[in-house]
Amino acid sequence: MPQVGSYALLLALALSGYSFLAGLIGLARGGPGSERMVETARRAGIAAFASVLLAAAILVLAAFQDNFSLAYIFHHSNRDLPAPYKFAVLWSGQEGSLLFWSLLLASYGLVLRLRHKTDPRLFAYASAIIAAVQVFFLLLLNFAAHPFAIVQGSLPQDGNGLNPLLQYPEMVIHPPMLYLGYVGFTVPFAFALGALVMRYPGEKWIQITRRWTMVTWGFLTCGVFLGAHWAYSVLGWGGYWGWDPVENASLMPWLTGTAFLHSVMMQEKRGMLKMWNMWLIFATFGLSIFGTFLTRSGVISSVHAFAQSSIGNWFITFLAVIFAVCVLFFVKNRSHLQSEHKLEALVSRESSFLFNNLLFLMACFTVLWGTLFPILSEWVQGTKVTVGPPFFNNVAIPVALLLLLLTAVGPLLAWRKTSLESLKRNFLWPSIGALAVGVVMIVFGVRPWKEVGYFFSLMAAVLATLVTLTVVSEFVRGGRVIARHSGQNLFASMVHLWHRNTRRYGGYIVHFGVAVVVIGILGTPFNKEAEKEMGFGDQMTLGPYTLVCQSYTQEDNPNYSNEWAIINVFRGGKQVTTMYPERRFYKASQQTQTMPRIYPSIKEDLFLVRDLYLVYEGINQDTGRPIIKAHLNPLVPWIWTGLLIMIFGTVTALIPNAASVRVPAPARAEAAPVGAGD
Amino acid sequence: MFVARTPIRRTGQAALLFLSVLLLLGAGDSGARFNDLGHRMMCVCGCKQILLECNHVGCAYSDRMRGELLASLDRGDSDDLTLQAFVQKYGTTVIAAPTNKGFDRVAWIMPFVALALGFVALVVIVRAWKNRPVPALADGVRPLRGPELERFRDQAQKETQL
């Protein structure tokens with residue numbers, strides 16, 4: 001079977017190469033015969049999907065069959081690995097994850113090629129560009145990181161096992177989501193470059209691209225947050241975001257992709273920012289590749305980099321080629337990208353998008369700068385430095401707060417021009433509400449002048465409230481106008497409103513989700529922790545909780561042996577739960593891993609929910625008693641709730657608009673702000 | 001001399017009093033320096049975590065480093081001296097963020113310089129766009145009819161739809 005896998009990869013390379021070249025020649029030549037050539041290119045692309053799928057299936061099958069003659073399976077699996085993780089073996093190492101990337105790209109390509117009738121010529125260009133990217137990954141798989149390499153020497157009886165950090169249920173979902181996000185940006189990139197090459201008339205391509213970008217952005221958002229949740233649940237340091245290079249690599253394309261999703265509206269609505277949007281999508285795709293380069297090349301070390309090798313040069317070459325091609329066609333066809341309108345007022349939706357884009361790009365630059373500064377420092381002054389959380393927290397958070405302010409302000413500004421009167425009318429109550437939250441926080445003990453973390457928390461709370469209230473006011477204002485004309489109740493009117501412009505109101509729901517995430521993050525400066533060696537009946541107090549060690553024990557199963565404690569948790573003299581923090585020793589990989597346990601206090605605290613987070617740190621060799629570390633992390637569950645709201649908003653924004661409902665009476669002047677557009 | 005107590009002055013005094021009370025509420029914390037310095041350093045065991053957040057099982061460094069930090073604070077060493085001692089022992093990478101000296105300063109300055117430059121560039125672009133001359137209308141401008149009018153109607157609807 002491994003030979004079949006190898007041949008499938010070679011066949012996929014040949015088919016993708018043909019799809020690229022035939023597509024290119026057919027499109028360049030034109031004429032009746034060329035259409036047939038372009039069609040064969042499309043079919044070759046579809047066949048390439050089948051080949052890559054076969055190769056991936058064979059690798060997964062080899063993991064299930066414990067075929068340790070394959071070096072990849074030997075290094076990343078073992079006989080006693082539970083079945084779901086054997087599936088996860090596909091993306092747990094260098095070669096497998098590149099194959100997985102290739103499979104996802106082929107899948108996106110398949111969908112695109114099957115939908116080619118939407119706009120055959122544009123889709124043909126996009127198909128050829130996707131095939132070119134596919135060729136790069138298949139070259140890597142065939143010649144630099146072959147997943148079907150055979151183990152030299154005698155056949156091993158068992159494998160080295162999967163990295164313990166990856167043996168967690170979320171790791172079966174998180175990498176596919178992240179990769180769907182990374183890889184998915186190839187599609188908008190292909191449409192954008194295709195439209196530039198062919199000097200596409202009109203803005204239809206941007207509508208097609210926007211939909212693909214939203215789907216991709218949704219996957220990347222899920223991937224980034226699931227990664228944060230995984231880090232929180234597995235790494236055991238009590239946090240969810242450590243500004244690690246791998247985390248940063250996933251954040252950068254997310255930031256530029258988000259900027260694109262905003263600025264693309266300027267192009268759709270007003271025919272502006274065409275060049276800017278083109279480069280934003282080029283940059284987003286480039287950053288996806290660059291992120292992969294960062295984490296795969298070994299240039300920067302990371303706790304998340306599960307696979308490193310010397311394939312960095314391949315990525316650098318590929319990035320250089322992409323950049324050269326983009327610059328070439330941009331210079332050649334930039335006259336096609338002139339703005340159709342001018343900016344009419346400084347206080348307008350257009351200018352808010354410009355500032356929004358500036359801040360997103362600055363946030364991206366800050367993350368990139370911080371990630372690469374250790375390399376720059378070593379190059380310039382010969383000494384390595386660490387750029388860790390203190391840097392990012394102090395530099396990136398102010399930019400994030402400004403972005404949050406724009407998230408609140410932007411949607412209330414009208415296209416073209418916003419009057420001072422409408423600004424006052426729209427902002428008065430949300431601003432009063434937000435300031436009231438700030439005052440309440442100060443009264444209840446948040447001292448923004450005492451520590452910069454408290455200041456950021458206070459500002460984040462005020463701005464998140466402002467975002468929430470502006471979103472609510474937008475729904476209520478629009479709902480009221482519809483209710484007045486249709487006679488429906490306010491809630492039904494708001495639902496009706498959302499149906500009429502799902503993209504706009506779906507976007508507001510995403511903004512609300514972001515505000516909820518921010519509320520979850522702002523609890524960080526108030527985290528508490530305690531650590532104690534706990535024998536039978538020993539107690540530890542943290543915040544309102546008293547932890548009592550009921551027992552500690554150990555067990556053994558084929559995959560790992562473990563030690564764990566039974567901790568009864570009391571609050572106000574009443575037992576609220578029992579927790580089982582654990583430490584595992586994985587036999588195949590000979591590695592130890594903590595398994596923290598988390599108790600969110602939803603029942604007791606509701607809105608001010610906090611996580612009680614217990615870590616079994618190990619056993620004191622002198623006393624034989626376990627050392628338990630407890631964290632109390634306020635508001636963290638809001639982050640995951642915010643993610644769900646963001647996903648809901650994204651999905652609703654993708655639903656097509658319902659047909660406009662004619663209102664019986666003529667619209668009055670005061671109804672005008674509701675129709676301010678996206 | 002008697003000074004009339006205006007409502008504005010009274011409000012100002014009340015606000016000042018309120019602020020003073022709030023400031024006094026922020027009492028000192030004995031473990032604050034340990035916590036602060038411990039979060040400004042990295043554990044050097046290879047876990048890439050902040051010193052006080054390292055929970056690396058069987059970590060050979062973090063416990064020892066925490067002990068050294070406590071000892072330094074007990075001796076009454078200043079923050080700078082404590083950090084310097086750690087740099088001498090564990091190397092420059094023990095500090096969790098670039099310092100405010102020499103080339104390291106560039107790390108802190110550059111993002112804000114880039115933001116400022118971006119902001120200035122944006123203002124210049126916005127002003128240039130705003131001041132872009134509108135082509136003068138020729139005499140005898142004809143009213144729009146038929147498909148051309150429809151096109152403008154569609155655009156207006158697109159730009160103002162709910």
# chains A, B, ... in the order shown; residues from 1 in each chain; ligands from 1
>>> residues_around(residues="range 92-107 of chain B", least_positions_apart="2", cutoff="10 Å", atoms="only C-alpha atoms", output="CSV table (one decimal) with N, CA and C atoms, in the first residue's frame")
chain,number,residue,atom,x,y,z
A,366,THR,N,2.7,44.7,14.3
A,366,THR,CA,3.2,44.5,15.7
A,366,THR,C,3.5,43.1,16.0
A,369,TRP,N,6.5,42.0,13.9
A,369,TRP,CA,7.7,42.6,14.4
A,369,TRP,C,8.2,41.9,15.7
A,370,GLY,N,7.3,41.7,16.6
A,370,GLY,CA,7.6,41.0,17.8
A,370,GLY,C,8.1,39.6,17.6
A,373,PHE,N,11.6,39.9,15.9
A,373,PHE,CA,12.7,40.7,16.5
A,373,PHE,C,13.8,39.9,17.1
A,374,PRO,N,13.6,38.8,17.6
A,374,PRO,CA,14.7,38.0,18.1
A,374,PRO,C,15.8,37.7,17.0
A,376,LEU,N,16.2,39.5,14.3
A,376,LEU,CA,16.8,40.8,13.9
A,376,LEU,C,17.9,41.2,15.0
A,377,SER,N,17.5,41.0,16.2
A,377,SER,CA,18.4,41.4,17.3
A,377,SER,C,19.7,40.6,17.2
A,380,VAL,N,21.7,42.0,14.3
A,380,VAL,CA,22.3,43.3,14.5
A,380,VAL,C,23.3,43.4,15.6
A,381,GLN,N,22.9,42.8,16.8
A,381,GLN,CA,23.8,43.0,17.9
A,381,GLN,C,24.5,41.7,18.4
A,383,THR,N,23.3,39.3,20.0
A,383,THR,CA,22.7,38.6,21.2
A,383,THR,C,21.2,38.3,20.9
A,384,LYS,N,20.8,37.2,21.5
A,384,LYS,CA,19.4,36.8,21.3
A,384,LYS,C,18.6,37.5,22.4
A,385,VAL,N,17.4,37.9,22.1
A,385,VAL,CA,16.5,38.4,23.1
A,385,VAL,C,15.2,37.7,23.1
A,386,THR,N,14.5,37.7,24.2
A,386,THR,CA,13.2,37.1,24.2
A,386,THR,C,12.1,38.2,24.0
A,387,VAL,N,11.2,37.9,23.1
A,387,VAL,CA,10.1,38.9,23.0
A,387,VAL,C,8.8,38.1,23.4
A,388,GLY,N,8.5,38.2,24.6
A,388,GLY,CA,7.4,37.5,25.2
A,388,GLY,C,6.1,38.3,25.5
A,389,PRO,N,5.3,37.7,26.4
A,389,PRO,CA,4.0,38.4,26.7
A,389,PRO,C,4.1,39.8,27.1
A,390,PRO,N,5.1,40.2,28.0
A,390,PRO,CA,5.1,41.6,28.4
A,390,PRO,C,5.2,42.6,27.2
A,391,PHE,N,6.0,42.2,26.2
A,391,PHE,CA,6.1,43.1,25.0
A,391,PHE,C,4.7,43.2,24.3
A,392,PHE,N,4.2,42.1,24.0
A,392,PHE,CA,2.9,42.1,23.2
A,392,PHE,C,1.8,42.7,24.0
A,395,VAL,N,2.2,46.5,23.8
A,395,VAL,CA,2.2,47.1,22.5
A,395,VAL,C,0.9,46.8,21.7
B,37,LEU,N,8.4,41.0,39.1
B,37,LEU,CA,9.7,40.6,38.5
B,37,LEU,C,9.6,39.1,38.0
B,38,GLY,N,8.8,38.3,38.6
B,38,GLY,CA,8.6,36.9,38.2
B,38,GLY,C,7.9,36.9,36.8
B,39,HIS,N,7.1,37.9,36.6
B,39,HIS,CA,6.4,37.9,35.3
B,39,HIS,C,7.3,38.7,34.2
B,40,ARG,N,8.4,39.2,34.6
B,40,ARG,CA,9.3,39.9,33.6
B,40,ARG,C,10.4,39.0,33.2
B,41,MET,N,10.4,37.7,33.7
B,41,MET,CA,11.5,36.8,33.3
B,41,MET,C,10.9,35.5,32.8
B,42,MET,N,11.7,34.8,32.0
B,42,MET,CA,11.2,33.5,31.4
B,42,MET,C,11.9,32.4,32.2
B,43,CYS,N,11.2,31.3,32.2
B,43,CYS,CA,11.9,30.1,32.7
B,43,CYS,C,12.8,29.6,31.6
B,44,VAL,N,14.0,29.1,32.1
B,44,VAL,CA,15.0,28.8,31.0
B,44,VAL,C,15.1,27.3,30.8
B,48,LYS,N,9.5,27.8,27.3
B,48,LYS,CA,9.1,29.1,26.7
B,48,LYS,C,8.0,29.8,27.5
B,49,GLN,N,8.0,29.6,28.8
B,49,GLN,CA,6.9,30.2,29.6
B,49,GLN,C,7.5,31.2,30.6
B,50,ILE,N,6.6,32.1,31.0
B,50,ILE,CA,7.0,33.1,32.0
B,50,ILE,C,7.4,32.4,33.3
B,51,LEU,N,8.4,32.9,34.0
B,51,LEU,CA,9.0,32.2,35.1
B,51,LEU,C,7.9,31.7,36.1
B,83,LEU,N,17.4,41.8,38.1
B,83,LEU,CA,17.3,41.4,36.7
B,83,LEU,C,18.7,41.2,36.1
B,84,GLN,N,19.6,42.1,36.5
B,84,GLN,CA,21.0,42.0,36.0
B,84,GLN,C,21.7,40.7,36.4
B,86,PHE,N,20.2,37.9,37.1
B,86,PHE,CA,19.7,36.8,36.3
B,86,PHE,C,20.2,36.8,34.9
B,87,VAL,N,20.4,38.0,34.3
B,87,VAL,CA,21.0,38.0,33.0
B,87,VAL,C,22.4,37.5,33.0
B,88,GLN,N,23.2,37.8,34.0
B,88,GLN,CA,24.6,37.3,34.1
B,88,GLN,C,24.6,35.8,34.3
B,89,LYS,N,23.6,35.3,35.0
B,89,LYS,CA,23.7,33.9,35.3
B,89,LYS,C,23.0,33.0,34.1
B,90,TYR,N,21.9,33.5,33.6
B,90,TYR,CA,21.2,32.7,32.6
B,90,TYR,C,21.2,33.3,31.2
B,109,ILE,N,9.9,51.0,20.1
B,109,ILE,CA,9.5,52.2,19.4
B,109,ILE,C,8.8,51.9,18.0
B,110,MET,N,9.4,50.9,17.3
B,110,MET,CA,9.0,50.7,15.9
B,110,MET,C,7.4,50.6,15.7
B,111,PRO,N,6.7,49.7,16.5
B,111,PRO,CA,5.3,49.6,16.3
B,111,PRO,C,4.6,51.0,16.4
B,112,PHE,N,5.0,51.8,17.3
B,112,PHE,CA,4.3,53.1,17.5
B,112,PHE,C,4.7,54.1,16.4
B,113,VAL,N,6.0,54.0,16.0
B,113,VAL,CA,6.4,54.8,14.8
B,113,VAL,C,5.6,54.4,13.6
>>> residues_around(residues="range 578-590 of chain A", least_positions_apart="4", cutoff="8 Å", atoms="only C-alpha atoms", output="ChimeraX atom specification")
/A:78,158-164,559-569,594-599,614-618
>>> write_last_selection(atoms="C-alpha atoms", output="mmCIF file, in the first residue's frame")
data_model
loop_
_atom_site.group_PDB
_atom_site.id
_atom_site.type_symbol
_atom_site.label_atom_id
_atom_site.label_comp_id
_atom_site.auth_asym_id
_atom_site.auth_seq_id
_atom_site.Cartn_x
_atom_site.Cartn_y
_atom_site.Cartn_z
ATOM 1 C CA ASN A 78 1.925 3.396 18.433
ATOM 2 C CA ASP A 158 5.968 -0.505 18.023
ATOM 3 C CA GLY A 159 6.028 3.190 17.231
ATOM 4 C CA ASN A 160 7.307 6.179 19.195
ATOM 5 C CA GLY A 161 3.741 7.322 19.819
ATOM 6 C CA LEU A 162 1.923 10.559 19.296
ATOM 7 C CA ASN A 163 3.156 13.683 21.082
ATOM 8 C CA PRO A 164 1.248 13.683 24.419
ATOM 9 C CA ASN A 559 -1.302 3.846 26.414
ATOM 10 C CA TYR A 560 -0.241 5.598 29.638
ATOM 11 C CA SER A 561 0.033 5.349 33.397
ATOM 12 C CA ASN A 562 -1.290 8.195 35.496
ATOM 13 C CA GLU A 563 -1.335 9.773 38.950
ATOM 14 C CA TRP A 564 -4.310 11.829 40.032
ATOM 15 C CA ALA A 565 -5.825 13.486 43.051
ATOM 16 C CA ILE A 566 -9.446 13.685 44.166
ATOM 17 C CA ILE A 567 -10.120 17.228 45.318
ATOM 18 C CA ASN A 568 -13.430 18.206 46.911
ATOM 19 C CA VAL A 569 -14.296 21.841 46.288
ATOM 20 C CA THR A 594 -0.378 17.205 32.994
ATOM 21 C CA MET A 595 -4.126 17.132 32.475
ATOM 22 C CA PRO A 596 -5.590 20.151 34.271
ATOM 23 C CA ARG A 597 -9.205 20.133 35.399
ATOM 24 C CA ILE A 598 -11.435 23.179 35.057
ATOM 25 C CA TYR A 599 -14.601 24.102 36.947
ATOM 26 C CA LEU A 614 -6.416 22.705 39.068
ATOM 27 C CA VAL A 615 -3.079 21.257 37.998
ATOM 28 C CA TYR A 616 -1.490 18.104 39.384
ATOM 29 C CA GLU A 617 2.132 19.229 39.313
ATOM 30 C CA GLY A 618 3.747 16.034 40.534
#
>>> select_by_dssp(residues="range 507-676 of chain A", states="helix (DSSP H, G or I)", output="JSON, numbers by chain")
{"A": [507, 508, 509, 510, 511, 512, 513, 514, 515, 516, 517, 518, 519, 520, 521, 524, 525, 526, 602, 603, 604, 605, 606, 607, 608, 636, 637, 638, 639, 640, 641, 642, 643, 644, 645, 646, 647, 648, 649, 650, 651, 652, 653, 654, 669, 670, 671, 672, 673, 674, 675]}
>>> residues_around(residues="Asp119 in chain A", least_positions_apart="2", cutoff="12 Å", atoms="only C-alpha atoms", output="list in words")
Leu112, Arg113, Leu114, Arg115, His116, Lys117, Arg121, Leu122, Phe123, Ala124, Tyr125, Ala126, Ser127, Phe191, Gly194, Ala195, Tyr200, Pro201, Lys204, Trp205, Gln207 and Ile208 of chain A
>>> write_last_selection(atoms="N, CA and C atoms", output="PDB file, in the first residue's frame")
ATOM      1  N   LEU A 112     -14.436  24.589  -6.071  1.00  0.00           N
ATOM      2  CA  LEU A 112     -14.331  25.699  -7.032  1.00  0.00           C
ATOM      3  C   LEU A 112     -14.531  25.198  -8.464  1.00  0.00           C
ATOM      4  N   ARG A 113     -13.894  24.074  -8.777  1.00  0.00           N
ATOM      5  CA  ARG A 113     -13.976  23.580 -10.162  1.00  0.00           C
ATOM      6  C   ARG A 113     -15.367  23.043 -10.491  1.00  0.00           C
ATOM      7  N   LEU A 114     -16.069  22.519  -9.469  1.00  0.00           N
ATOM      8  CA  LEU A 114     -17.428  22.035  -9.715  1.00  0.00           C
ATOM      9  C   LEU A 114     -18.408  23.195  -9.898  1.00  0.00           C
ATOM     10  N   ARG A 115     -18.053  24.344  -9.342  1.00  0.00           N
ATOM     11  CA  ARG A 115     -18.947  25.507  -9.443  1.00  0.00           C
ATOM     12  C   ARG A 115     -18.516  26.453 -10.570  1.00  0.00           C
ATOM     13  N   HIS A 116     -17.785  25.941 -11.529  1.00  0.00           N
ATOM     14  CA  HIS A 116     -17.151  26.797 -12.545  1.00  0.00           C
ATOM     15  C   HIS A 116     -18.136  27.546 -13.415  1.00  0.00           C
ATOM     16  N   LYS A 117     -19.408  27.071 -13.465  1.00  0.00           N
ATOM     17  CA  LYS A 117     -20.367  27.728 -14.363  1.00  0.00           C
ATOM     18  C   LYS A 117     -20.772  29.117 -13.873  1.00  0.00           C
ATOM     19  N   ARG A 121     -14.712  31.847 -17.052  1.00  0.00           N
ATOM     20  CA  ARG A 121     -13.374  32.366 -17.332  1.00  0.00           C
ATOM     21  C   ARG A 121     -12.643  32.726 -16.033  1.00  0.00           C
ATOM     22  N   LEU A 122     -13.328  33.420 -15.139  1.00  0.00           N
ATOM     23  CA  LEU A 122     -12.705  33.781 -13.859  1.00  0.00           C
ATOM     24  C   LEU A 122     -12.337  32.514 -13.074  1.00  0.00           C
ATOM     25  N   PHE A 123     -13.261  31.537 -13.088  1.00  0.00           N
ATOM     26  CA  PHE A 123     -12.993  30.302 -12.362  1.00  0.00           C
ATOM     27  C   PHE A 123     -11.842  29.518 -12.999  1.00  0.00           C
ATOM     28  N   ALA A 124     -11.692  29.650 -14.310  1.00  0.00           N
ATOM     29  CA  ALA A 124     -10.577  28.963 -14.978  1.00  0.00           C
ATOM     30  C   ALA A 124      -9.243  29.556 -14.520  1.00  0.00           C
ATOM     31  N   TYR A 125      -9.201  30.892 -14.412  1.00  0.00           N
ATOM     32  CA  TYR A 125      -7.979  31.538 -13.907  1.00  0.00           C
ATOM     33  C   TYR A 125      -7.695  31.096 -12.463  1.00  0.00           C
ATOM     34  N   ALA A 126      -8.754  31.139 -11.644  1.00  0.00           N
ATOM     35  CA  ALA A 126      -8.578  30.765 -10.232  1.00  0.00           C
ATOM     36  C   ALA A 126      -8.121  29.310 -10.129  1.00  0.00           C
ATOM     37  N   SER A 127      -8.702  28.455 -10.980  1.00  0.00           N
ATOM     38  CA  SER A 127      -8.347  27.032 -10.966  1.00  0.00           C
ATOM     39  C   SER A 127      -6.872  26.841 -11.302  1.00  0.00           C
ATOM     40  N   PHE A 191      -8.756  34.035  -6.842  1.00  0.00           N
ATOM     41  CA  PHE A 191      -9.742  34.885  -7.529  1.00  0.00           C
ATOM     42  C   PHE A 191      -9.179  36.295  -7.758  1.00  0.00           C
ATOM     43  N   GLY A 194      -6.434  36.163 -10.340  1.00  0.00           N
ATOM     44  CA  GLY A 194      -7.080  35.860 -11.625  1.00  0.00           C
ATOM     45  C   GLY A 194      -7.780  37.090 -12.189  1.00  0.00           C
ATOM     46  N   ALA A 195      -8.514  37.792 -11.317  1.00  0.00           N
ATOM     47  CA  ALA A 195      -9.232  38.995 -11.763  1.00  0.00           C
ATOM     48  C   ALA A 195      -8.258  40.066 -12.227  1.00  0.00           C
ATOM     49  N   TYR A 200     -10.563  41.828 -14.931  1.00  0.00           N
ATOM     50  CA  TYR A 200     -11.969  41.438 -14.827  1.00  0.00           C
ATOM     51  C   TYR A 200     -12.872  42.673 -14.826  1.00  0.00           C
ATOM     52  N   PRO A 201     -13.865  42.685 -15.702  1.00  0.00           N
ATOM     53  CA  PRO A 201     -14.759  43.851 -15.710  1.00  0.00           C
ATOM     54  C   PRO A 201     -15.790  43.765 -14.579  1.00  0.00           C
ATOM     55  N   LYS A 204     -18.126  41.720  -9.796  1.00  0.00           N
ATOM     56  CA  LYS A 204     -18.719  40.424  -9.434  1.00  0.00           C
ATOM     57  C   LYS A 204     -17.683  39.527  -8.742  1.00  0.00           C
ATOM     58  N   TRP A 205     -16.444  39.634  -9.214  1.00  0.00           N
ATOM     59  CA  TRP A 205     -15.417  38.760  -8.636  1.00  0.00           C
ATOM     60  C   TRP A 205     -15.248  39.021  -7.145  1.00  0.00           C
ATOM     61  N   GLN A 207     -17.587  39.925  -5.075  1.00  0.00           N
ATOM     62  CA  GLN A 207     -18.697  39.290  -4.350  1.00  0.00           C
ATOM     63  C   GLN A 207     -18.430  37.797  -4.157  1.00  0.00           C
ATOM     64  N   ILE A 208     -17.937  37.168  -5.228  1.00  0.00           N
ATOM     65  CA  ILE A 208     -17.611  35.731  -5.143  1.00  0.00           C
ATOM     66  C   ILE A 208     -16.512  35.530  -4.105  1.00  0.00           C
TER      67      ILE A 208
END
>>> residues_around(residues="Lys130 in chain B", least_positions_apart="3", cutoff="8 Å", atoms="only C-alpha atoms", output="PyMOL selection string")
(chain A and resi 342-346) or (chain B and resi 126-127)
>>> residues_around(residues="Val514 in chain A", least_positions_apart="3", cutoff="9 Å", atoms="only C-alpha atoms", output="number ranges by chain")
A: 404, 464, 467, 509-511, 517-519, 639, 642-643, 645-646
>>> atom_distance(atom1="CA of Asn557 in chain A", atom2="CA of Ile627 in chain A")
23.0 Å
>>> residues_around(residues="range 406-421 of chain A", least_positions_apart="2", cutoff="10 Å", atoms="only C-alpha atoms", output="JSON, numbers by chain")
{"A": [266, 269, 270, 342, 343, 344, 345, 346, 347, 348, 349, 350, 351, 352, 353, 355, 356, 359, 400, 401, 402, 403, 404, 423, 424, 425, 426, 427, 430, 431, 463, 464, 465, 466, 467, 468, 469, 470, 471, 473, 474, 504, 507, 508, 511, 512, 514, 515, 672, 673, 674, 675, 676, 677, 678], "B": [159, 160]}
>>> residues_around(residues="Cys326 in chain A", least_positions_apart="5", cutoff="12 Å", atoms="only C-alpha atoms", output="ChimeraX atom specification")
/A:129,189-190,192-197,275,278-283,285-286,319-321,331-334
>>> write_last_selection(atoms="C-alpha atoms", output="PDB file, in the first residue's frame")
ATOM      1  CA  ILE A 129      -3.596  29.526  -9.778  1.00  0.00           C
ATOM      2  CA  PHE A 189      -6.028  34.878  -3.482  1.00  0.00           C
ATOM      3  CA  ALA A 190      -6.611  32.878  -6.669  1.00  0.00           C
ATOM      4  CA  ALA A 192      -8.001  38.190  -6.824  1.00  0.00           C
ATOM      5  CA  LEU A 193      -4.912  37.360  -8.870  1.00  0.00           C
ATOM      6  CA  GLY A 194      -7.080  35.860 -11.625  1.00  0.00           C
ATOM      7  CA  ALA A 195      -9.232  38.995 -11.763  1.00  0.00           C
ATOM      8  CA  LEU A 196      -6.105  41.150 -11.924  1.00  0.00           C
ATOM      9  CA  VAL A 197      -4.508  39.057 -14.669  1.00  0.00           C
ATOM     10  CA  MET A 275      -5.638  48.313  -5.233  1.00  0.00           C
ATOM     11  CA  MET A 278      -5.954  43.378  -3.978  1.00  0.00           C
ATOM     12  CA  TRP A 279      -2.836  43.713  -1.825  1.00  0.00           C
ATOM     13  CA  LEU A 280      -4.696  42.848   1.356  1.00  0.00           C
ATOM     14  CA  ILE A 281      -5.718  39.498  -0.031  1.00  0.00           C
ATOM     15  CA  PHE A 282      -2.237  38.919  -1.463  1.00  0.00           C
ATOM     16  CA  ALA A 283      -0.781  39.713   1.968  1.00  0.00           C
ATOM     17  CA  PHE A 285      -2.322  34.495   1.551  1.00  0.00           C
ATOM     18  CA  GLY A 286       1.377  35.349   1.848  1.00  0.00           C
ATOM     19  CA  LEU A 319       7.050  33.275  -1.189  1.00  0.00           C
ATOM     20  CA  ALA A 320       9.497  35.117  -3.443  1.00  0.00           C
ATOM     21  CA  VAL A 321       7.808  33.698  -6.553  1.00  0.00           C
ATOM     22  CA  VAL A 331       2.342  46.882 -12.289  1.00  0.00           C
ATOM     23  CA  LYS A 332       1.024  45.638 -15.628  1.00  0.00           C
ATOM     24  CA  ASN A 333      -2.692  46.020 -14.875  1.00  0.00           C
ATOM     25  CA  ARG A 334      -2.943  48.593 -12.099  1.00  0.00           C
TER      26      ARG A 334
END
